>>> print(open('run-v3.pdb').read())   # PDB, C-alpha atoms
ATOM      1  CA  MET A 437      56.004 213.711 154.960
ATOM      2  CA  ASN A 438      58.400 211.087 153.741
ATOM      3  CA  THR A 439      58.014 208.377 151.144
ATOM      4  CA  ALA A 440      58.299 205.468 153.553
ATOM      5  CA  VAL A 441      55.327 206.629 155.588
ATOM      6  CA  THR A 442      53.219 207.242 152.497
ATOM      7  CA  ARG A 443      53.992 203.792 151.184
ATOM      8  CA  ALA A 444      53.151 202.160 154.505
ATOM      9  CA  GLU A 445      49.806 203.949 154.466
ATOM     10  CA  ASP A 446      49.183 202.794 150.896
ATOM     11  CA  ASP A 447      49.932 199.221 151.888
ATOM     12  CA  THR A 448      47.468 199.485 154.746
ATOM     13  CA  ALA A 449      44.825 200.748 152.346
ATOM     14  CA  VAL A 450      45.468 197.792 150.034
ATOM     15  CA  GLU A 451      45.348 195.390 152.982
ATOM     16  CA  ALA A 452      41.986 196.782 153.975
ATOM     17  CA  ARG A 453      40.302 195.388 150.882
ATOM     18  CA  ARG A 454      40.922 192.162 149.034
ATOM     19  CA  ARG A 455      42.933 192.237 145.859
ATOM     20  CA  ARG A 456      40.935 191.624 142.723
ATOM     21  CA  ILE A 457      41.623 190.157 139.270
ATOM     22  CA  ALA A 458      39.404 190.626 136.222
ATOM     23  CA  LEU A 459      39.953 188.278 133.296
ATOM     24  CA  VAL A 460      38.461 188.164 129.822
ATOM     25  CA  ALA A 461      38.222 184.718 128.177
ATOM     26  CA  SER A 462      37.581 185.283 124.473
ATOM     27  CA  LYS A 463      38.848 182.018 122.947
ATOM     28  CA  GLY A 464      36.992 178.730 122.751
ATOM     29  CA  THR A 465      39.791 176.261 122.101
ATOM     30  CA  LEU A 466      40.905 173.708 124.677
ATOM     31  CA  ASP A 467      44.373 175.212 125.039
ATOM     32  CA  GLN A 468      43.004 178.732 125.490
ATOM     33  CA  ALA A 469      40.444 177.631 128.064
ATOM     34  CA  TYR A 470      43.148 176.770 130.566
ATOM     35  CA  PRO A 471      44.962 180.102 131.137
ATOM     36  CA  PRO A 472      41.980 182.140 132.399
ATOM     37  CA  LEU A 473      40.769 179.245 134.548
ATOM     38  CA  ILE A 474      44.237 178.682 136.017
ATOM     39  CA  MET A 475      44.753 182.394 136.700
ATOM     40  CA  ALA A 476      41.332 182.773 138.298
ATOM     41  CA  THR A 477      41.737 179.654 140.442
ATOM     42  CA  THR A 478      45.196 180.737 141.557
ATOM     43  CA  ALA A 479      44.054 184.272 142.378
ATOM     44  CA  ALA A 480      41.187 182.915 144.453
ATOM     45  CA  SER A 481      43.654 180.585 146.199
ATOM     46  CA  LEU A 482      45.669 183.673 147.146
ATOM     47  CA  GLY A 483      42.555 185.099 148.734
ATOM     48  CA  TRP A 484      41.770 187.486 145.877
ATOM     49  CA  GLU A 485      38.380 188.213 144.418
ATOM     50  CA  ALA A 486      38.378 186.847 140.874
ATOM     51  CA  GLY A 487      36.007 187.259 137.964
ATOM     52  CA  VAL A 488      36.127 185.955 134.404
ATOM     53  CA  TYR A 489      34.166 187.502 131.547
ATOM     54  CA  PHE A 490      33.400 184.828 128.937
ATOM     55  CA  THR A 491      32.837 186.461 125.596
ATOM     56  CA  PHE A 492      32.656 185.425 121.917
ATOM     57  CA  TYR A 493      34.079 181.903 121.510
ATOM     58  CA  GLY A 494      35.158 182.009 125.133
ATOM     59  CA  LEU A 495      31.490 181.510 125.999
ATOM     60  CA  ASP A 496      31.919 177.850 124.942
ATOM     61  CA  ILE A 497      33.987 177.304 128.111
ATOM     62  CA  ILE A 498      30.861 177.734 130.251
ATOM     63  CA  HIS A 499      28.434 176.183 127.746
ATOM     64  CA  ASN A 500      27.000 172.932 129.119
ATOM     65  CA  ASP A 501      27.126 171.030 125.829
ATOM     66  CA  ARG A 502      30.352 172.498 124.489
ATOM     67  CA  LEU A 503      32.686 172.734 127.438
ATOM     68  CA  LYS A 504      33.436 169.014 127.358
ATOM     69  CA  SER A 505      34.259 169.010 123.651
ATOM     70  CA  LEU A 506      36.646 171.956 123.355
ATOM     71  CA  LYS A 507      39.307 171.263 120.752
ATOM     72  CA  VAL A 508      42.864 172.198 119.860
ATOM     73  CA  ALA A 509      43.181 173.791 116.423
ATOM     74  CA  SER A 510      45.460 171.784 114.158
ATOM     75  CA  LEU A 511      45.394 174.347 111.336
ATOM     76  CA  ALA A 512      47.216 177.659 111.617
ATOM     77  CA  ASN A 513      48.656 176.564 114.954
ATOM     78  CA  PRO A 514      52.398 176.024 114.467
ATOM     79  CA  ALA A 515      52.833 175.500 118.217
ATOM     80  CA  GLY A 516      50.197 172.773 118.393
ATOM     81  CA  PRO A 517      50.780 169.279 119.721
ATOM     82  CA  ILE A 518      51.177 167.726 116.262
ATOM     83  CA  GLN A 519      54.146 168.990 114.318
ATOM     84  CA  LEU A 520      53.063 168.663 110.709
ATOM     85  CA  PRO A 521      53.324 170.950 107.705
ATOM     86  CA  ASN A 522      50.599 173.519 108.363
ATOM     87  CA  LEU A 523      48.418 172.545 105.400
ATOM     88  CA  LEU A 524      48.107 168.964 106.680
ATOM     89  CA  GLY A 525      46.409 170.370 109.741
ATOM     90  CA  ALA A 526      43.332 170.731 107.525
ATOM     91  CA  LEU A 527      43.111 166.981 106.936
ATOM     92  CA  PRO A 528      40.134 165.139 108.411
ATOM     93  CA  GLY A 529      40.984 163.909 111.892
ATOM     94  CA  ALA A 530      43.897 166.291 112.461
ATOM     95  CA  THR A 531      41.976 168.436 114.955
ATOM     96  CA  ALA A 532      40.762 165.344 116.802
ATOM     97  CA  ALA A 533      44.326 163.996 116.942
ATOM     98  CA  ALA A 534      45.750 167.278 118.238
ATOM     99  CA  THR A 535      42.994 167.470 120.851
ATOM    100  CA  LYS A 536      43.554 163.900 121.960
ATOM    101  CA  MET A 537      47.274 164.521 122.292
ATOM    102  CA  MET A 538      46.844 167.626 124.430
ATOM    103  CA  LYS A 539      44.372 165.817 126.675
ATOM    104  CA  LYS A 540      46.924 163.029 127.101
ATOM    105  CA  TRP A 541      49.641 165.543 127.997
ATOM    106  CA  MET A 542      47.382 167.080 130.599
ATOM    107  CA  THR A 543      46.314 163.735 132.082
ATOM    108  CA  ASP A 544      49.905 162.487 132.193
ATOM    109  CA  ALA A 545      50.913 165.693 134.005
ATOM    110  CA  ARG A 546      48.023 165.137 136.452
ATOM    111  CA  MET A 547      46.477 168.459 135.441
ATOM    112  CA  PRO A 548      42.741 168.872 136.025
ATOM    113  CA  THR A 549      40.401 168.878 133.029
ATOM    114  CA  VAL A 550      38.510 172.028 132.000
ATOM    115  CA  PRO A 551      35.316 170.869 133.779
ATOM    116  CA  GLU A 552      37.399 170.132 136.891
ATOM    117  CA  PHE A 553      38.999 173.586 136.790
ATOM    118  CA  ILE A 554      35.547 175.131 136.475
ATOM    119  CA  GLU A 555      34.435 173.239 139.562
ATOM    120  CA  MET A 556      37.577 174.296 141.447
ATOM    121  CA  ALA A 557      37.087 177.936 140.456
ATOM    122  CA  GLN A 558      33.424 178.004 141.389
ATOM    123  CA  GLY A 559      34.240 176.259 144.663
ATOM    124  CA  LEU A 560      36.479 179.242 145.464
ATOM    125  CA  ASP A 561      33.718 181.717 144.551
ATOM    126  CA  VAL A 562      35.285 182.884 141.280
ATOM    127  CA  ARG A 563      32.604 184.920 139.496
ATOM    128  CA  PHE A 564      31.727 183.829 135.969
ATOM    129  CA  PHE A 565      30.250 186.550 133.770
ATOM    130  CA  ALA A 566      28.529 185.473 130.543
ATOM    131  CA  CYS A 567      28.599 188.099 127.804
ATOM    132  CA  SER A 568      24.987 188.953 127.000
ATOM    133  CA  THR A 569      25.796 190.127 123.477
ATOM    134  CA  THR A 570      27.523 186.849 122.631
ATOM    135  CA  MET A 571      24.516 184.971 123.959
ATOM    136  CA  GLY A 572      22.239 187.018 121.708
ATOM    137  CA  VAL A 573      24.454 186.694 118.640
ATOM    138  CA  MET A 574      25.010 182.959 119.036
ATOM    139  CA  GLY A 575      21.538 182.093 120.282
ATOM    140  CA  VAL A 576      22.712 180.864 123.672
ATOM    141  CA  GLU A 577      20.115 180.767 126.441
ATOM    142  CA  GLU A 578      20.784 181.033 130.163
ATOM    143  CA  ASP A 579      19.851 177.362 130.577
ATOM    144  CA  ASP A 580      22.590 176.428 128.089
ATOM    145  CA  LEU A 581      25.208 177.732 130.501
ATOM    146  CA  ILE A 582      26.635 176.056 133.570
ATOM    147  CA  LYS A 583      25.047 176.996 136.881
ATOM    148  CA  GLY A 584      26.245 180.055 138.729
ATOM    149  CA  CYS A 585      26.971 182.360 135.774
ATOM    150  CA  GLU A 586      26.021 186.020 135.859
ATOM    151  CA  ILE A 587      24.764 187.415 132.589
ATOM    152  CA  ALA A 588      26.451 190.747 132.033
ATOM    153  CA  GLY A 589      27.135 193.361 129.405
ATOM    154  CA  ALA A 590      30.444 195.147 128.960
ATOM    155  CA  ALA A 591      29.550 197.966 131.349
ATOM    156  CA  ALA A 592      28.711 195.592 134.188
ATOM    157  CA  PHE A 593      32.006 193.758 133.699
ATOM    158  CA  LEU A 594      33.980 197.006 133.478
ATOM    159  CA  ASP A 595      32.310 198.121 136.697
ATOM    160  CA  PHE A 596      33.837 195.003 138.300
ATOM    161  CA  ALA A 597      37.156 195.394 136.435
ATOM    162  CA  ALA A 598      37.543 199.091 137.333
ATOM    163  CA  ASP A 599      38.398 198.116 140.890
ATOM    164  CA  ALA A 600      40.672 195.232 139.880
ATOM    165  CA  ASP A 601      44.377 195.268 140.670
ATOM    166  CA  VAL A 602      45.081 192.976 137.707
ATOM    167  CA  GLN A 603      43.236 192.770 134.396
ATOM    168  CA  LEU A 604      44.119 190.177 131.775
ATOM    169  CA  PHE A 605      42.710 189.406 128.342
ATOM    170  CA  VAL A 606      43.003 185.887 126.958
TER
ATOM    171  CA  MET B1487      58.084 192.237 160.362
ATOM    172  CA  THR B1488      60.956 190.289 158.874
ATOM    173  CA  THR B1489      61.385 186.639 159.670
ATOM    174  CA  GLN B1490      64.613 184.811 159.084
ATOM    175  CA  ILE B1491      64.053 182.133 156.443
ATOM    176  CA  THR B1492      65.787 178.922 157.421
ATOM    177  CA  SER B1493      66.147 175.515 155.860
ATOM    178  CA  LEU B1494      65.513 173.777 159.166
ATOM    179  CA  ALA B1495      62.138 172.282 159.986
ATOM    180  CA  PRO B1496      60.322 174.214 162.700
ATOM    181  CA  GLU B1497      59.545 172.480 165.979
ATOM    182  CA  ARG B1498      55.838 172.766 165.335
ATOM    183  CA  ILE B1499      54.240 171.207 162.250
ATOM    184  CA  ASP B1500      50.487 170.721 162.370
ATOM    185  CA  VAL B1501      49.668 169.464 158.889
ATOM    186  CA  VAL B1502      51.793 167.975 156.095
ATOM    187  CA  LEU B1503      50.616 168.341 152.509
ATOM    188  CA  ASP B1504      52.440 166.324 149.846
ATOM    189  CA  CYS B1505      52.081 167.904 146.393
ATOM    190  CA  SER B1506      54.785 165.790 144.759
ATOM    191  CA  GLY B1507      54.195 165.379 141.043
ATOM    192  CA  LEU B1508      51.687 168.221 140.853
ATOM    193  CA  LEU B1509      52.210 171.265 138.652
ATOM    194  CA  CYS B1510      51.095 174.873 139.044
ATOM    195  CA  PRO B1511      48.479 175.844 140.136
ATOM    196  CA  LEU B1512      47.780 172.689 142.136
ATOM    197  CA  PRO B1513      50.369 173.053 144.942
ATOM    198  CA  VAL B1514      49.170 176.612 145.628
ATOM    199  CA  TYR B1515      45.509 175.606 145.279
ATOM    200  CA  ARG B1516      45.879 172.705 147.694
ATOM    201  CA  ALA B1517      48.084 174.618 150.121
ATOM    202  CA  SER B1518      45.507 177.401 150.189
ATOM    203  CA  LEU B1519      42.726 174.936 151.009
ATOM    204  CA  ALA B1520      44.902 173.421 153.730
ATOM    205  CA  LEU B1521      45.735 176.848 155.226
ATOM    206  CA  ASN B1522      42.025 177.653 155.356
ATOM    207  CA  GLN B1523      41.570 174.689 157.676
ATOM    208  CA  LEU B1524      44.249 175.918 160.100
ATOM    209  CA  SER B1525      44.027 178.366 162.967
ATOM    210  CA  PRO B1526      46.403 181.341 163.223
ATOM    211  CA  GLY B1527      49.788 180.203 164.511
ATOM    212  CA  GLU B1528      49.454 176.653 163.197
ATOM    213  CA  VAL B1529      52.093 175.449 160.751
ATOM    214  CA  LEU B1530      51.609 173.800 157.387
ATOM    215  CA  GLU B1531      54.354 171.817 155.695
ATOM    216  CA  VAL B1532      54.104 171.675 151.910
ATOM    217  CA  ILE B1533      56.155 169.224 149.872
ATOM    218  CA  ALA B1534      56.438 170.007 146.170
ATOM    219  CA  THR B1535      58.428 168.925 143.149
ATOM    220  CA  ASP B1536      57.260 171.641 140.738
ATOM    221  CA  PRO B1537      60.228 174.015 140.361
ATOM    222  CA  GLY B1538      57.715 176.872 140.147
ATOM    223  CA  ALA B1539      56.731 176.159 143.726
ATOM    224  CA  LEU B1540      59.988 177.754 144.923
ATOM    225  CA  GLU B1541      58.460 181.102 143.997
ATOM    226  CA  ASP B1542      54.782 180.193 144.193
ATOM    227  CA  ILE B1543      54.586 178.987 147.780
ATOM    228  CA  PRO B1544      56.385 182.089 149.171
ATOM    229  CA  ALA B1545      53.962 184.189 147.070
ATOM    230  CA  LEU B1546      51.029 182.330 148.591
ATOM    231  CA  ALA B1547      52.340 183.084 152.078
ATOM    232  CA  ARG B1548      52.796 186.790 151.257
ATOM    233  CA  GLN B1549      49.402 187.179 149.626
ATOM    234  CA  THR B1550      47.487 185.409 152.379
ATOM    235  CA  GLY B1551      49.204 187.203 155.242
ATOM    236  CA  SER B1552      50.912 184.033 156.418
ATOM    237  CA  VAL B1553      54.547 183.713 157.417
ATOM    238  CA  LEU B1554      57.001 181.621 155.446
ATOM    239  CA  LEU B1555      59.074 180.125 158.230
ATOM    240  CA  GLY B1556      61.475 178.197 156.087
ATOM    241  CA  VAL B1557      62.290 176.426 152.847
ATOM    242  CA  GLU B1558      64.291 173.261 152.388
ATOM    243  CA  ARG B1559      65.412 173.312 148.811
ATOM    244  CA  GLY B1560      66.207 169.815 147.610
ATOM    245  CA  GLN B1561      67.542 168.476 144.335
ATOM    246  CA  ASP B1562      64.056 168.074 142.879
ATOM    247  CA  ARG B1563      61.857 168.010 145.960
ATOM    248  CA  HIS B1564      61.287 170.975 148.221
ATOM    249  CA  ARG B1565      59.737 171.495 151.618
ATOM    250  CA  PHE B1566      58.096 174.691 152.824
ATOM    251  CA  TRP B1567      56.838 175.660 156.256
ATOM    252  CA  ILE B1568      54.108 178.252 156.488
ATOM    253  CA  GLU B1569      52.666 179.664 159.678
ATOM    254  CA  LYS B1570      49.043 180.617 159.235
ATOM    255  CA  GLY B1571      48.528 184.339 159.751
ATOM    256  CA  SER B1572      45.601 186.042 161.378
ATOM    257  CA  ARG B1573      44.312 187.629 158.132
ATOM    258  CA  SER B1574      44.004 184.567 155.922
TER
END
>>> encode(input="run-v3.pdb", output="structure tokens")
Amino acid sequence: MNTAVTRAEDDTAVEARRRRIALVASKGTLDQAYPPLIMATTAASLGWEAGVYFTFYGLDIIHNDRLKSLKVASLANPAGPIQLPNLLGALPGATAAATKMMKKWMTDARMPTVPEFIEMAQGLDVRFFACSTTMGVMGVEEDDLIKGCEIAGAAAFLDFAADADVQLFV
Amino acid sequence: MTTQITSLAPERIDVVLDCSGLLCPLPVYRASLALNQLSPGEVLEVIATDPGALEDIPALARQTGSVLLGVERGQDRHRFWIEKGSRS
């Protein structure tokens, strides 16, 4: 009848179900592990349903052995913590130094570590989807992953993402 | 329903949460956990120094169906009062 009424009805419909965010985490560097975990944790804090699809190198973020040793790339990363001519980023130790520096920044800023963010997210019931194709390609077994992951193909994730209000790719 | 946002502390404050020195998303994360412990009508005070909190805490109130009663915007330290809603 009029726009205001229609909008009010739409709002009621949205209120009736929880908002949802679907994230894709495709990168396995320390710096790129944070954004999807922060977004998912925040969304869950707002009362949203949140799910993260860990695919390709992003699978490292939920890999038991690898999640604690994620690194910051020192080569081809002009925005990295160490401001050196790009080529020097290939020197032995440069990646370790860049990683150490970012970890120090995070600790000094009292930011949680990646494992801590994972615990926070899972504590808020964020769903972690592990890409089955990546697992097959990289030879990752279910036991290699942290507890509470759901193994899923693209269709299963898209089924979840289709009803999401926000979808982000990292 | 529109509520007048004031910079005066409400008469009722049930829980105070100090998030000084914490950056996004921690003030929202902690405030959310604190709100979950409250009953509808109870009031949470959040103290934060992250400038992002000036937008984040009101967003938390909106998204969780709570009511932002007031904000005291300081030089680098802010106080927020949120009344727990019935939905969150």
>>> atom_distance(input="run-v3.pdb", atom1="CA of Ile498 (chain A)", atom2="CA of Ala590 (chain A)")
17.5 Å
>>> resolve_selection(input="run-v3.pdb", expression="the ChimeraX specification (/B :<8) & /A", output="ChimeraX atom specification")
/A:474,477-478,481-483,545-547
>>> write_last_selection(input="run-v3.pdb", atoms="C-alpha atoms", output="CSV table (one decimal), in the frame of the given file")
chain,number,residue,atom,x,y,z
A,474,ILE,CA,44.2,178.7,136.0
A,477,THR,CA,41.7,179.7,140.4
A,478,THR,CA,45.2,180.7,141.6
A,481,SER,CA,43.7,180.6,146.2
A,482,LEU,CA,45.7,183.7,147.1
A,483,GLY,CA,42.6,185.1,148.7
A,545,ALA,CA,50.9,165.7,134.0
A,546,ARG,CA,48.0,165.1,136.5
A,547,MET,CA,46.5,168.5,135.4
>>> atom_distance(input="run-v3.pdb", atom1="CA of Arg563 (chain A)", atom2="CA of Ala600 (chain A)")
13.1 Å
>>> resolve_selection(input="run-v3.pdb", expression="the PyMOL selection byres ((chain B and resi 1494) around 7)", output="MDAnalysis selection string")
chainID B and resid 1492:1493 1495:1496 1556 1558
>>> atom_distance(input="run-v3.pdb", atom1="CA of Leu1555 (chain B)", atom2="CA of Arg1498 (chain B)")
10.7 Å
>>> closest_residue(input="run-v3.pdb", among="A:Asp467, A:Asp580, A:Glu552, A:Asp599", to="Lys539 (chain A)", atoms="all atoms listed in the file")
A:Asp467
>>> closest_residue(input="run-v3.pdb", among="A:Glu578, A:Gly464, A:Leu459, A:Ala476", to="Phe553 (chain A)", atoms="only C-alpha atoms")
A:Ala476
>>> resolve_selection(input="run-v3.pdb", expression="the PyMOL selection byres ((chain B and resi 1532) around 10)", output="JSON list (two decimals) with C-alpha atoms, in the frame of the given file")
[["chain", "number", "residue", "atom", "x", "y", "z"],
["B", 1501, "VAL", "CA", 49.67, 169.46, 158.89],
["B", 1502, "VAL", "CA", 51.79, 167.98, 156.10],
["B", 1503, "LEU", "CA", 50.62, 168.34, 152.51],
["B", 1504, "ASP", "CA", 52.44, 166.32, 149.85],
["B", 1505, "CYS", "CA", 52.08, 167.90, 146.39],
["B", 1506, "SER", "CA", 54.78, 165.79, 144.76],
["B", 1513, "PRO", "CA", 50.37, 173.05, 144.94],
["B", 1514, "VAL", "CA", 49.17, 176.61, 145.63],
["B", 1516, "ARG", "CA", 45.88, 172.70, 147.69],
["B", 1517, "ALA", "CA", 48.08, 174.62, 150.12],
["B", 1520, "ALA", "CA", 44.90, 173.42, 153.73],
["B", 1529, "VAL", "CA", 52.09, 175.45, 160.75],
["B", 1530, "LEU", "CA", 51.61, 173.80, 157.39],
["B", 1531, "GLU", "CA", 54.35, 171.82, 155.70],
["B", 1533, "ILE", "CA", 56.16, 169.22, 149.87],
["B", 1534, "ALA", "CA", 56.44, 170.01, 146.17],
["B", 1539, "ALA", "CA", 56.73, 176.16, 143.73],
["B", 1543, "ILE", "CA", 54.59, 178.99, 147.78],
["B", 1557, "VAL", "CA", 62.29, 176.43, 152.85],
["B", 1564, "HIS", "CA", 61.29, 170.98, 148.22],
["B", 1565, "ARG", "CA", 59.74, 171.50, 151.62],
["B", 1566, "PHE", "CA", 58.10, 174.69, 152.82],
["B", 1567, "TRP", "CA", 56.84, 175.66, 156.26],
["B", 1568, "ILE", "CA", 54.11, 178.25, 156.49]]
>>> closest_residue(input="run-v3.pdb", among="A:Val562, A:Pro551, A:Ile457, A:Val606", to="Lys504 (chain A)", atoms="only C-alpha atoms")
A:Pro551
>>> residues_near_point(input="run-v3.pdb", point="(47.6, 187.1, 129.3)", cutoff="10 Å", atoms="all atoms listed in the file", output="list in words")
Leu459, Val460, Ala461, Pro471, Pro472, Met475, Gln603, Leu604, Phe605 and Val606 of chain A
>>> residues_near_point(input="run-v3.pdb", point="(46.3, 168.3, 125.1)", cutoff="9 Å", atoms="all atoms listed in the file", output="JSON list (two decimals) with C-alpha atoms, keeping the file's coordinate frame")
[["chain", "number", "residue", "atom", "x", "y", "z"],
["A", 466, "LEU", "CA", 40.90, 173.71, 124.68],
["A", 467, "ASP", "CA", 44.37, 175.21, 125.04],
["A", 507, "LYS", "CA", 39.31, 171.26, 120.75],
["A", 508, "VAL", "CA", 42.86, 172.20, 119.86],
["A", 516, "GLY", "CA", 50.20, 172.77, 118.39],
["A", 517, "PRO", "CA", 50.78, 169.28, 119.72],
["A", 534, "ALA", "CA", 45.75, 167.28, 118.24],
["A", 535, "THR", "CA", 42.99, 167.47, 120.85],
["A", 536, "LYS", "CA", 43.55, 163.90, 121.96],
["A", 537, "MET", "CA", 47.27, 164.52, 122.29],
["A", 538, "MET", "CA", 46.84, 167.63, 124.43],
["A", 539, "LYS", "CA", 44.37, 165.82, 126.68],
["A", 540, "LYS", "CA", 46.92, 163.03, 127.10],
["A", 541, "TRP", "CA", 49.64, 165.54, 128.00],
["A", 542, "MET", "CA", 47.38, 167.08, 130.60],
["A", 543, "THR", "CA", 46.31, 163.74, 132.08]]
